[in-house]
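What follows is model-v6.pdb (PDB, C-alpha atoms and all ligand atoms).
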ATOM      1  CA  MET A   1      16.905  -7.325 -26.449  1.00  0.00           C
ATOM      2  CA  HIS A   2      15.757  -3.734 -25.780  1.00  0.00           C
ATOM      3  CA  VAL A   3      18.669  -1.335 -26.155  1.00  0.00           C
ATOM      4  CA  LEU A   4      18.825   2.358 -25.226  1.00  0.00           C
ATOM      5  CA  ILE A   5      21.593   4.467 -26.760  1.00  0.00           C
ATOM      6  CA  THR A   6      22.454   8.103 -26.044  1.00  0.00           C
ATOM      7  CA  ALA A   7      24.452   9.846 -28.754  1.00  0.00           C
ATOM      8  CA  GLY A   8      25.664  13.166 -30.112  1.00  0.00           C
ATOM      9  CA  PRO A   9      26.455  16.426 -28.349  1.00  0.00           C
ATOM     10  CA  THR A  10      24.148  18.468 -26.166  1.00  0.00           C
ATOM     11  CA  ARG A  11      23.397  22.108 -26.857  1.00  0.00           C
ATOM     12  CA  GLU A  12      23.205  24.409 -23.836  1.00  0.00           C
ATOM     13  CA  PRO A  13      21.505  27.747 -24.633  1.00  0.00           C
ATOM     14  CA  LEU A  14      22.968  31.094 -23.599  1.00  0.00           C
ATOM     15  CA  ASP A  15      20.405  33.348 -25.210  1.00  0.00           C
ATOM     16  CA  PRO A  16      17.885  32.968 -28.076  1.00  0.00           C
ATOM     17  CA  VAL A  17      20.644  32.771 -30.721  1.00  0.00           C
ATOM     18  CA  ARG A  18      23.667  31.214 -28.968  1.00  0.00           C
ATOM     19  CA  TYR A  19      24.574  27.964 -27.294  1.00  0.00           C
ATOM     20  CA  LEU A  20      27.514  25.980 -25.852  1.00  0.00           C
ATOM     21  CA  THR A  21      28.250  22.631 -27.463  1.00  0.00           C
ATOM     22  CA  ASN A  22      31.154  20.319 -28.387  1.00  0.00           C
ATOM     23  CA  ARG A  23      32.653  18.541 -31.412  1.00  0.00           C
ATOM     24  CA  SER A  24      30.778  15.244 -31.057  1.00  0.00           C
ATOM     25  CA  SER A  25      29.421  14.105 -34.433  1.00  0.00           C
ATOM     26  CA  GLY A  26      27.252  11.285 -33.032  1.00  0.00           C
ATOM     27  CA  LYS A  27      28.846   8.837 -35.516  1.00  0.00           C
ATOM     28  CA  MET A  28      29.851   6.177 -32.939  1.00  0.00           C
ATOM     29  CA  GLY A  29      26.432   6.110 -31.247  1.00  0.00           C
ATOM     30  CA  TYR A  30      24.536   6.037 -34.561  1.00  0.00           C
ATOM     31  CA  ALA A  31      26.824   3.271 -35.886  1.00  0.00           C
ATOM     32  CA  MET A  32      26.049   1.255 -32.743  1.00  0.00           C
ATOM     33  CA  ALA A  33      22.295   1.860 -33.166  1.00  0.00           C
ATOM     34  CA  HIS A  34      22.582   0.529 -36.719  1.00  0.00           C
ATOM     35  CA  ALA A  35      24.657  -2.492 -35.603  1.00  0.00           C
ATOM     36  CA  PHE A  36      22.207  -3.442 -32.814  1.00  0.00           C
ATOM     37  CA  ILE A  37      19.298  -3.280 -35.315  1.00  0.00           C
ATOM     38  CA  HIS A  38      21.311  -5.378 -37.777  1.00  0.00           C
ATOM     39  CA  ALA A  39      21.834  -7.974 -35.024  1.00  0.00           C
ATOM     40  CA  GLY A  40      18.052  -8.187 -34.470  1.00  0.00           C
ATOM     41  CA  HIS A  41      17.601  -6.012 -31.355  1.00  0.00           C
ATOM     42  CA  SER A  42      15.193  -3.135 -30.756  1.00  0.00           C
ATOM     43  CA  VAL A  43      16.804   0.269 -30.291  1.00  0.00           C
ATOM     44  CA  LEU A  44      15.751   3.570 -28.750  1.00  0.00           C
ATOM     45  CA  LEU A  45      18.183   6.334 -29.737  1.00  0.00           C
ATOM     46  CA  ILE A  46      18.149   9.515 -27.634  1.00  0.00           C
ATOM     47  CA  SER A  47      20.281  12.030 -29.452  1.00  0.00           C
ATOM     48  CA  GLY A  48      21.457  15.605 -29.436  1.00  0.00           C
ATOM     49  CA  PRO A  49      21.610  17.505 -32.752  1.00  0.00           C
ATOM     50  CA  THR A  50      23.709  15.830 -35.482  1.00  0.00           C
ATOM     51  CA  THR A  51      23.746  15.858 -39.284  1.00  0.00           C
ATOM     52  CA  LEU A  52      23.285  12.071 -39.449  1.00  0.00           C
ATOM     53  CA  ASP A  53      20.281  10.129 -40.732  1.00  0.00           C
ATOM     54  CA  VAL A  54      18.481   8.123 -38.060  1.00  0.00           C
ATOM     55  CA  PRO A  55      19.004   4.437 -38.963  1.00  0.00           C
ATOM     56  CA  ASP A  56      15.878   2.585 -40.174  1.00  0.00           C
ATOM     57  CA  HIS A  57      13.729   0.836 -37.540  1.00  0.00           C
ATOM     58  CA  VAL A  58      15.242   2.846 -34.669  1.00  0.00           C
ATOM     59  CA  ASP A  59      12.893   4.625 -32.221  1.00  0.00           C
ATOM     60  CA  PHE A  60      14.200   8.157 -31.917  1.00  0.00           C
ATOM     61  CA  ILE A  61      13.911  10.888 -29.304  1.00  0.00           C
ATOM     62  CA  PRO A  62      15.654  14.132 -30.305  1.00  0.00           C
ATOM     63  CA  ILE A  63      16.833  16.357 -27.443  1.00  0.00           C
ATOM     64  CA  GLU A  64      18.940  19.496 -27.172  1.00  0.00           C
ATOM     65  CA  THR A  65      20.081  20.028 -23.586  1.00  0.00           C
ATOM     66  CA  ALA A  66      21.639  17.725 -20.976  1.00  0.00           C
ATOM     67  CA  ALA A  67      18.541  18.271 -18.811  1.00  0.00           C
ATOM     68  CA  GLU A  68      16.297  17.105 -21.691  1.00  0.00           C
ATOM     69  CA  MET A  69      18.502  14.040 -22.253  1.00  0.00           C
ATOM     70  CA  HIS A  70      18.349  13.241 -18.515  1.00  0.00           C
ATOM     71  CA  ALA A  71      14.514  13.461 -18.583  1.00  0.00           C
ATOM     72  CA  ALA A  72      14.233  11.342 -21.756  1.00  0.00           C
ATOM     73  CA  VAL A  73      16.489   8.617 -20.280  1.00  0.00           C
ATOM     74  CA  ALA A  74      14.591   8.702 -16.954  1.00  0.00           C
ATOM     75  CA  ASN A  75      11.293   8.199 -18.830  1.00  0.00           C
ATOM     76  CA  SER A  76      12.496   5.376 -21.071  1.00  0.00           C
ATOM     77  CA  ILE A  77      15.102   3.275 -19.244  1.00  0.00           C
ATOM     78  CA  GLY A  78      12.495   1.059 -17.521  1.00  0.00           C
ATOM     79  CA  GLY A  79      12.239  -2.232 -19.445  1.00  0.00           C
ATOM     80  CA  VAL A  80      15.594  -1.707 -21.175  1.00  0.00           C
ATOM     81  CA  ASP A  81      18.086  -4.629 -21.121  1.00  0.00           C
ATOM     82  CA  ILE A  82      21.214  -2.837 -22.347  1.00  0.00           C
ATOM     83  CA  ALA A  83      22.002   0.892 -22.037  1.00  0.00           C
ATOM     84  CA  VAL A  84      24.892   2.421 -23.981  1.00  0.00           C
ATOM     85  CA  PHE A  85      25.781   6.016 -23.132  1.00  0.00           C
ATOM     86  CA  ALA A  86      27.724   7.343 -26.113  1.00  0.00           C
ATOM     87  CA  ALA A  87      26.563  10.970 -25.882  1.00  0.00           C
ATOM     88  CA  ALA A  88      29.076  13.762 -25.265  1.00  0.00           C
ATOM     89  CA  VAL A  89      26.993  15.507 -22.630  1.00  0.00           C
ATOM     90  CA  ALA A  90      28.071  19.041 -21.704  1.00  0.00           C
ATOM     91  CA  ASP A  91      29.461  19.074 -18.161  1.00  0.00           C
ATOM     92  CA  TYR A  92      28.303  22.654 -17.561  1.00  0.00           C
ATOM     93  CA  THR A  93      25.379  24.766 -18.723  1.00  0.00           C
ATOM     94  CA  PRO A  94      24.805  28.539 -18.421  1.00  0.00           C
ATOM     95  CA  ALA A  95      23.347  29.402 -15.007  1.00  0.00           C
ATOM     96  CA  HIS A  96      20.911  31.800 -16.684  1.00  0.00           C
ATOM     97  CA  VAL A  97      19.488  31.814 -20.210  1.00  0.00           C
ATOM     98  CA  ALA A  98      19.064  35.435 -21.323  1.00  0.00           C
ATOM     99  CA  ALA A  99      15.577  36.162 -22.627  1.00  0.00           C
ATOM    100  CA  HIS A 100      17.036  38.492 -25.283  1.00  0.00           C
ATOM    101  CA  LYS A 101      20.207  38.384 -27.365  1.00  0.00           C
ATOM    102  CA  ILE A 102      23.170  39.350 -25.154  1.00  0.00           C
ATOM    103  CA  LYS A 103      24.551  42.695 -26.413  1.00  0.00           C
ATOM    104  CA  LYS A 104      28.253  43.359 -26.613  1.00  0.00           C
ATOM    105  CA  SER A 105      29.358  45.854 -23.956  1.00  0.00           C
ATOM    106  CA  GLY A 106      32.654  45.701 -22.015  1.00  0.00           C
ATOM    107  CA  ALA A 107      35.985  44.263 -23.220  1.00  0.00           C
ATOM    108  CA  THR A 108      35.332  40.983 -21.390  1.00  0.00           C
ATOM    109  CA  LEU A 109      32.261  38.962 -20.599  1.00  0.00           C
ATOM    110  CA  THR A 110      32.083  36.433 -17.781  1.00  0.00           C
ATOM    111  CA  LEU A 111      29.639  33.560 -18.025  1.00  0.00           C
ATOM    112  CA  GLU A 112      28.462  31.684 -14.969  1.00  0.00           C
ATOM    113  CA  LEU A 113      28.080  27.947 -15.612  1.00  0.00           C
ATOM    114  CA  VAL A 114      26.513  25.274 -13.414  1.00  0.00           C
ATOM    115  CA  ARG A 115      26.956  21.480 -13.525  1.00  0.00           C
ATOM    116  CA  THR A 116      24.600  19.414 -15.667  1.00  0.00           C
ATOM    117  CA  PRO A 117      23.123  16.129 -14.394  1.00  0.00           C
ATOM    118  CA  ASP A 118      25.436  13.115 -14.744  1.00  0.00           C
ATOM    119  CA  ILE A 119      23.089  10.879 -16.756  1.00  0.00           C
ATOM    120  CA  LEU A 120      25.316   7.778 -16.797  1.00  0.00           C
ATOM    121  CA  GLY A 121      25.985   8.239 -13.065  1.00  0.00           C
ATOM    122  CA  ALA A 122      22.216   8.417 -12.467  1.00  0.00           C
ATOM    123  CA  ALA A 123      21.445   5.121 -14.255  1.00  0.00           C
ATOM    124  CA  ARG A 124      22.016   2.835 -11.256  1.00  0.00           C
ATOM    125  CA  LEU A 125      21.499   5.246  -8.360  1.00  0.00           C
ATOM    126  CA  GLU A 126      18.599   7.398  -9.519  1.00  0.00           C
ATOM    127  CA  PHE A 127      16.856   5.332 -12.213  1.00  0.00           C
ATOM    128  CA  GLY A 128      17.477   1.925 -10.530  1.00  0.00           C
ATOM    129  CA  PHE A 129      18.717   0.426 -13.828  1.00  0.00           C
ATOM    130  CA  ALA A 130      19.721  -3.226 -13.287  1.00  0.00           C
ATOM    131  CA  GLY A 131      20.628  -4.187 -16.866  1.00  0.00           C
ATOM    132  CA  THR A 132      23.961  -4.095 -18.669  1.00  0.00           C
ATOM    133  CA  LEU A 133      25.419  -0.586 -18.472  1.00  0.00           C
ATOM    134  CA  VAL A 134      28.026   0.616 -20.959  1.00  0.00           C
ATOM    135  CA  GLY A 135      29.734   4.020 -20.895  1.00  0.00           C
ATOM    136  CA  PHE A 136      32.284   5.751 -23.081  1.00  0.00           C
ATOM    137  CA  ALA A 137      35.380   7.586 -21.915  1.00  0.00           C
ATOM    138  CA  ALA A 138      37.251  10.099 -24.046  1.00  0.00           C
ATOM    139  CA  GLU A 139      40.636  10.636 -22.414  1.00  0.00           C
ATOM    140  CA  THR A 140      43.872  12.398 -23.291  1.00  0.00           C
ATOM    141  CA  GLU A 141      46.091  10.561 -20.732  1.00  0.00           C
ATOM    142  CA  ASN A 142      46.113   7.472 -18.457  1.00  0.00           C
ATOM    143  CA  LEU A 143      43.453   5.834 -20.635  1.00  0.00           C
ATOM    144  CA  GLU A 144      42.992   2.577 -18.735  1.00  0.00           C
ATOM    145  CA  ALA A 145      43.255   4.003 -15.199  1.00  0.00           C
ATOM    146  CA  ASN A 146      40.803   6.840 -15.917  1.00  0.00           C
ATOM    147  CA  ALA A 147      38.366   4.481 -17.654  1.00  0.00           C
ATOM    148  CA  ARG A 148      38.550   1.986 -14.776  1.00  0.00           C
ATOM    149  CA  ASP A 149      37.854   4.758 -12.278  1.00  0.00           C
ATOM    150  CA  LYS A 150      34.773   5.762 -14.329  1.00  0.00           C
ATOM    151  CA  LEU A 151      33.647   2.114 -14.542  1.00  0.00           C
ATOM    152  CA  THR A 152      33.637   1.809 -10.741  1.00  0.00           C
ATOM    153  CA  ARG A 153      32.197   5.240  -9.926  1.00  0.00           C
ATOM    154  CA  LYS A 154      29.299   4.909 -12.376  1.00  0.00           C
ATOM    155  CA  GLY A 155      28.488   1.233 -11.797  1.00  0.00           C
ATOM    156  CA  CYS A 156      29.202   0.243 -15.412  1.00  0.00           C
ATOM    157  CA  ASN A 157      29.810  -3.279 -16.740  1.00  0.00           C
ATOM    158  CA  LEU A 158      32.011  -1.929 -19.532  1.00  0.00           C
ATOM    159  CA  ILE A 159      33.722   1.329 -20.449  1.00  0.00           C
ATOM    160  CA  ILE A 160      34.699   1.867 -24.086  1.00  0.00           C
ATOM    161  CA  ALA A 161      37.699   4.178 -23.845  1.00  0.00           C
ATOM    162  CA  ASN A 162      39.430   6.126 -26.559  1.00  0.00           C
ATOM    163  CA  ASP A 163      42.440   8.398 -26.577  1.00  0.00           C
ATOM    164  CA  VAL A 164      41.216  11.659 -28.126  1.00  0.00           C
ATOM    165  CA  SER A 165      44.724  13.134 -28.130  1.00  0.00           C
ATOM    166  CA  LYS A 166      45.370  11.011 -31.261  1.00  0.00           C
ATOM    167  CA  PRO A 167      44.141  13.288 -34.077  1.00  0.00           C
ATOM    168  CA  ALA A 168      43.058  10.411 -36.365  1.00  0.00           C
ATOM    169  CA  PHE A 169      40.538   9.038 -33.877  1.00  0.00           C
ATOM    170  CA  GLY A 170      37.587   9.985 -31.749  1.00  0.00           C
ATOM    171  CA  PHE A 171      35.597  13.176 -32.058  1.00  0.00           C
ATOM    172  CA  ASP A 172      34.205  13.831 -35.538  1.00  0.00           C
ATOM    173  CA  SER A 173      36.457  11.191 -37.125  1.00  0.00           C
ATOM    174  CA  ASP A 174      35.175   8.218 -39.177  1.00  0.00           C
ATOM    175  CA  ARG A 175      37.671   5.932 -37.467  1.00  0.00           C
ATOM    176  CA  ASN A 176      38.265   4.954 -33.884  1.00  0.00           C
ATOM    177  CA  GLU A 177      40.625   2.820 -31.788  1.00  0.00           C
ATOM    178  CA  VAL A 178      39.250   1.742 -28.444  1.00  0.00           C
ATOM    179  CA  LEU A 179      40.167  -0.061 -25.259  1.00  0.00           C
ATOM    180  CA  LEU A 180      37.412  -2.151 -23.677  1.00  0.00           C
ATOM    181  CA  VAL A 181      37.710  -1.866 -19.891  1.00  0.00           C
ATOM    182  CA  TYR A 182      35.819  -4.523 -17.900  1.00  0.00           C
ATOM    183  CA  PRO A 183      35.834  -4.911 -14.082  1.00  0.00           C
ATOM    184  CA  ASP A 184      38.412  -7.721 -14.199  1.00  0.00           C
ATOM    185  CA  HIS A 185      40.314  -7.304 -17.476  1.00  0.00           C
ATOM    186  CA  HIS A 186      40.758  -5.113 -20.535  1.00  0.00           C
ATOM    187  CA  GLU A 187      41.031  -5.676 -24.262  1.00  0.00           C
ATOM    188  CA  ALA A 188      42.340  -3.394 -27.015  1.00  0.00           C
ATOM    189  CA  LEU A 189      40.470  -3.361 -30.339  1.00  0.00           C
ATOM    190  CA  PRO A 190      42.610  -2.340 -33.323  1.00  0.00           C
ATOM    191  CA  ALA A 191      41.866   0.851 -35.263  1.00  0.00           C
ATOM    192  CA  ASN A 192      38.887   0.461 -37.565  1.00  0.00           C
ATOM    193  CA  SER A 193      36.041   2.423 -39.136  1.00  0.00           C
ATOM    194  CA  LYS A 194      33.383   3.367 -36.584  1.00  0.00           C
ATOM    195  CA  HIS A 195      30.957   1.285 -38.648  1.00  0.00           C
ATOM    196  CA  ALA A 196      33.051  -1.927 -38.445  1.00  0.00           C
ATOM    197  CA  LEU A 197      33.984  -1.255 -34.842  1.00  0.00           C
ATOM    198  CA  ALA A 198      30.296  -0.886 -33.913  1.00  0.00           C
ATOM    199  CA  HIS A 199      29.631  -4.496 -35.029  1.00  0.00           C
ATOM    200  CA  HIS A 200      32.483  -5.786 -32.824  1.00  0.00           C
ATOM    201  CA  LEU A 201      31.243  -3.687 -29.905  1.00  0.00           C
ATOM    202  CA  VAL A 202      27.674  -4.952 -30.274  1.00  0.00           C
ATOM    203  CA  THR A 203      28.910  -8.569 -30.243  1.00  0.00           C
ATOM    204  CA  ALA A 204      31.018  -7.884 -27.119  1.00  0.00           C
ATOM    205  CA  ILE A 205      28.128  -6.106 -25.344  1.00  0.00           C
ATOM    206  CA  VAL A 206      25.584  -8.846 -26.131  1.00  0.00           C
ATOM    207  CA  GLU A 207      28.057 -11.497 -24.845  1.00  0.00           C
ATOM    208  CA  LEU A 208      28.605  -9.415 -21.720  1.00  0.00           C
ATOM    209  CA  HIS A 209      24.836  -9.140 -21.229  1.00  0.00           C
ATOM    210  CA  LYS A 210      24.399 -12.911 -21.503  1.00  0.00           C
ATOM    211  CA  GLY A 211      27.133 -13.430 -18.862  1.00  0.00           C
ATOM    212  CA  HIS A 212      25.600 -10.732 -16.661  1.00  0.00           C
ATOM    213  CA  GLN A 213      22.157 -12.361 -16.950  1.00  0.00           C
ATOM    214  CA  SER A 214      23.488 -15.804 -16.053  1.00  0.00           C
ATOM    215  CA  SER A 215      25.304 -14.401 -12.983  1.00  0.00           C
ATOM    216  CA  VAL A 216      22.054 -12.644 -11.906  1.00  0.00           C
ATOM    217  CA  ILE A 217      20.156 -15.920 -12.420  1.00  0.00           C
ATOM    218  CA  SER A 218      22.722 -17.950 -10.490  1.00  0.00           C
ATOM    219  CA  LYS A 219      22.575 -15.413  -7.604  1.00  0.00           C
ATOM    220  CA  ASP A 220      18.759 -15.794  -7.577  1.00  0.00           C
ATOM    221  CA  GLN A 221      19.143 -19.559  -7.667  1.00  0.00           C
ATOM    222  CA  GLU A 222      21.631 -19.409  -4.754  1.00  0.00           C
ATOM    223  CA  LEU A 223      19.107 -17.326  -2.812  1.00  0.00           C
ATOM    224  CA  ALA A 224      16.320 -19.765  -3.660  1.00  0.00           C
ATOM    225  CA  LEU A 225      18.506 -22.620  -2.391  1.00  0.00           C
ATOM    226  CA  ILE A 226      19.361 -20.747   0.813  1.00  0.00           C
ATOM    227  CA  HIS A 227      15.656 -20.168   1.431  1.00  0.00           C
ATOM    228  CA  LEU A 228      14.552 -23.754   0.740  1.00  0.00           C
ATOM    229  CA  PRO A 229      12.621 -25.174   3.708  1.00  0.00           C
ATOM    230  CA  GLN A 230      14.905 -27.562   5.641  1.00  0.00           C
TER     231      GLN A 230
HETATM  232  O1  LIG A 301      32.749  11.685 -16.960  1.00  0.00           O
HETATM  233  P1  LIG A 301      32.737  11.675 -18.439  1.00  0.00           P
HETATM  234  O2  LIG A 301      31.966  12.781 -19.055  1.00  0.00           O
HETATM  235  O3  LIG A 301      34.091  11.509 -19.091  1.00  0.00           O
HETATM  236  O4  LIG A 301      31.981  10.295 -18.736  1.00  0.00           O
HETATM  237  C1  LIG A 301      31.719   9.880 -20.022  1.00  0.00           C
HETATM  238  C2  LIG A 301      30.551   8.956 -20.002  1.00  0.00           C
HETATM  239  O5  LIG A 301      29.494   9.463 -19.186  1.00  0.00           O
HETATM  240  C3  LIG A 301      29.953   8.792 -21.378  1.00  0.00           C
HETATM  241  O6  LIG A 301      29.407   7.482 -21.458  1.00  0.00           O
HETATM  242  C4  LIG A 301      28.866   9.868 -21.389  1.00  0.00           C
HETATM  243  O7  LIG A 301      27.845   9.567 -22.309  1.00  0.00           O
HETATM  244  C5  LIG A 301      28.374   9.823 -19.966  1.00  0.00           C
HETATM  245  N1  LIG A 301      27.891  11.104 -19.420  1.00  0.00           N
HETATM  246  C6  LIG A 301      26.550  11.270 -19.124  1.00  0.00           C
HETATM  247  N2  LIG A 301      26.117  12.454 -18.554  1.00  0.00           N
HETATM  248  C7  LIG A 301      26.976  13.449 -18.308  1.00  0.00           C
HETATM  249  C8  LIG A 301      28.354  13.301 -18.610  1.00  0.00           C
HETATM  250  C9  LIG A 301      28.779  12.115 -19.172  1.00  0.00           C
HETATM  251  O8  LIG A 301      25.759  10.358 -19.374  1.00  0.00           O
HETATM  252  N3  LIG A 301      26.539  14.582 -17.761  1.00  0.00           N
END
Turn the structure described in the file into structure tokens.
Amino acid sequence: MHVLITAGPTREPLDPVRYLTNRSSGKMGYAMAHAFIHAGHSVLLISGPTTLDVPDHVDFIPIETAAEMHAAVANSIGGVDIAVFAAAVADYTPAHVAAHKIKKSGATLTLELVRTPDILGAARLEFGFAGTLVGFAAETENLEANARDKLTRKGCNLIIANDVSKPAFGFDSDRNEVLLVYPDHHEALPANSKHALAHHLVTAIVELHKGHQSSVISKDQELALIHLPQ
């Protein structure tokens, strides 16, 4: 299977020496890239800046901004079977990037920010992706309801949700505890290292893909039957 994974934070520049970013380490996405390779799949990893080593045998596209990640996904998602969006993409980016270092002046400084492209939201609608689509959701309340809302809005087959209000898990931690939210049910995976969890997630995603494929095939077969000459 051909798998595309987005991972890490994005970096949104303010001026030549400053940027806005977040605490994503990229560990979950990189662990999944490694686990997909281990299971015999081919992986393209599109990642913002991290301190991690790119796993062996992974094709790698480094990006910095949300706009660059959007362009890299748009260019590479054709021919992909499974897309996993694990990146912590900035929701807003500075409206203007100053050409020179911003000097300190008044007591306050107001930045104008504009929305970044929703890359996961674009997968179905803009890129016409028809494969298995997996998103992540980092929530601090109403984990299942918020993840289910995201699943529907973004046309995902699975949302991997985690409660980032628990200090031991999520951003920059080596461990995670996730809830798998599918269209018709959900399943909690117990706390584990991101590495071990990635292997369970890869198994669940590949199973989901096989089910998804067989439902696409049976729909095609139904259509073929409907169109059989009488
Ligand atoms: O809406 P929210 O940011 O919580 O959604 C999280 C999911 O959407 C993650 O899978 C993340 O990688 C993806 N996402 C994206 N592009 C954005 C924002 C989020 O692909 N601009």
Do you know which residues are within 9 Å of ligand LIG 301 (chain A) using all atoms listed in the file? Can you write them as a VMD selection string?
-> chain A and resid 6 to 8 66 to 67 69 to 70 84 to 92 115 to 123 134 to 139 146 to 147 150 154 159 to 160
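Of note, CA of Leu109 (chain A) and CA of Ile63 (chain A) are spaced 28.2 Å apart.
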Output of the PyMOL selection byres (((chain A and resi 10-20) around 6) and not hetatm), listed as a ChimeraX atom specification | /A:9,21,48,64-66,89-90,93,97-98,101
Enumerate, as a short mmCIF file (atom, residue, chain, number, x, y, z; two decimals) with C-alpha atoms, keeping the file's coordinate frame, the residues matched when the PyMOL selection byres (((chain A and resi 62) around 6) and not hetatm) is run on the file above.
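For reference, result07.cif as written:
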data_model
loop_
_atom_site.label_atom_id
_atom_site.label_comp_id
_atom_site.auth_asym_id
_atom_site.auth_seq_id
_atom_site.Cartn_x
_atom_site.Cartn_y
_atom_site.Cartn_z
CA ILE A 46 18.15 9.52 -27.63
CA SER A 47 20.28 12.03 -29.45
CA ILE A 61 13.91 10.89 -29.30
CA ILE A 63 16.83 16.36 -27.44
#
For CA of Thr132 (chain A) and CA of Leu208 (chain A), quote the distance in Å rounded to one decimal.
-> 7.7 Å
Would you list the contacts of Ala188 (chain A) as a list in words, taking every protein, DNA or RNA residue within 12 Å and counting all atoms listed in the file, but skipping same-chain residues closer than 4 positions in sequence?
-> Leu143, Glu144, Ile159, Ile160, Ala161, Asn162, Asp163, Asn176, Glu177, Val178, Leu179, Leu180, Val181, Tyr182, Asn192, Leu197, His200 and Leu201 of chain A
Could you tell me which residues the PyMOL selection byres (((chain A and resi 29) around 7) and not hetatm) returns for this structure, as a list in words?
->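 Residues picked by the PyMOL selection byres (((chain A and resi 29) around 7) and not hetatm): Ile5, Thr6, Ala7, Gly26, Lys27, Met28, Tyr30, Ala31, Met32, Ala33 and Ala86 of chain A.
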Of the listed residues A:Pro49, A:Gly106, A:Gly131, A:Pro55, that which approaches Ala83 (chain A) most closely, counting only C-alpha atoms | A:Gly131
Write out as a PyMOL selection string the residues lying within 8 Å of Thr152 (chain A), counting all atoms listed in the file and excluding same-chain residues fewer than 4 positions away.
-> chain A and resi 148+156+183
Distance in Å - CA of Leu133 (chain A) versus CA of Leu158 (chain A) |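 Computing it gives 6.8 Å between the two atoms.
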Residue nearest Asp184 (chain A) among A:Ala74, A:His57, A:Leu151, A:Asn22 (counting all atoms listed in the file) |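 Among A:Ala74, A:His57, A:Leu151, A:Asn22, it is A:Leu151 that comes nearest to Asp184 (chain A).
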Residue among A:Ala71, A:Val58, A:Ala168, A:Val206 lying closest to Lys194 (chain A), counting only C-alpha atoms =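 Using only C-alpha atoms, Lys194 (chain A) sits closest to A:Ala168.
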Please define a box with edges along x, y and z of the file around all atoms of region 181-196 of chain A given in the file, extend it by 3 Å on each side, and return its centre and edge lengths in Å to one decimal, as AutoDock Vina command-line options.
--center_x 36.8 --center_y -2.2 --center_z -26.6 --size_x 17.7 --size_y 17.1 --size_z 31.1
Find the residues around His41 (chain A) up to 9 Å (all atoms listed in the file counted), leave out those fewer than 2 positions away in its own chain, and share them as a VMD selection string.
-> chain A and resid 1 to 3 35 to 39 43
Starting from the structure just given, write a file holding region 40-44 of chain A with all heavy atoms, as a CSV table (one decimal), in the first residue's frame.
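Written out: result38.csv:
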chain,number,residue,atom,x,y,z
A,40,GLY,N,5.6,-3.4,5.8
A,40,GLY,CA,5.8,-3.7,4.3
A,40,GLY,C,5.2,-2.7,3.4
A,40,GLY,O,5.0,-3.0,2.2
A,41,HIS,N,4.8,-1.6,3.9
A,41,HIS,CA,4.1,-0.6,3.0
A,41,HIS,C,5.1,0.5,2.6
A,41,HIS,O,6.2,0.6,3.1
A,41,HIS,CB,3.0,0.1,3.7
A,41,HIS,CG,2.0,-0.9,4.2
A,41,HIS,ND1,1.1,-1.5,3.4
A,41,HIS,CD2,1.8,-1.5,5.5
A,41,HIS,CE1,0.3,-2.4,4.1
A,41,HIS,NE2,0.7,-2.4,5.3
A,42,SER,N,4.8,1.3,1.5
A,42,SER,CA,5.7,2.4,1.1
A,42,SER,C,5.1,3.7,1.7
A,42,SER,O,3.9,3.9,1.7
A,42,SER,CB,5.8,2.4,-0.4
A,42,SER,OG,4.8,3.1,-0.9
A,43,VAL,N,6.0,4.5,2.2
A,43,VAL,CA,5.6,5.7,3.0
A,43,VAL,C,6.2,7.0,2.4
A,43,VAL,O,7.4,7.0,2.2
A,43,VAL,CB,6.0,5.5,4.5
A,43,VAL,CG1,5.7,6.8,5.3
A,43,VAL,CG2,5.2,4.3,5.1
A,44,LEU,N,5.4,8.0,2.3
A,44,LEU,CA,5.8,9.3,2.0
A,44,LEU,C,5.5,10.2,3.2
A,44,LEU,O,4.3,10.3,3.6
A,44,LEU,CB,5.1,9.9,0.8
A,44,LEU,CG,5.4,11.4,0.6
A,44,LEU,CD1,6.9,11.7,0.3
A,44,LEU,CD2,4.5,12.0,-0.6
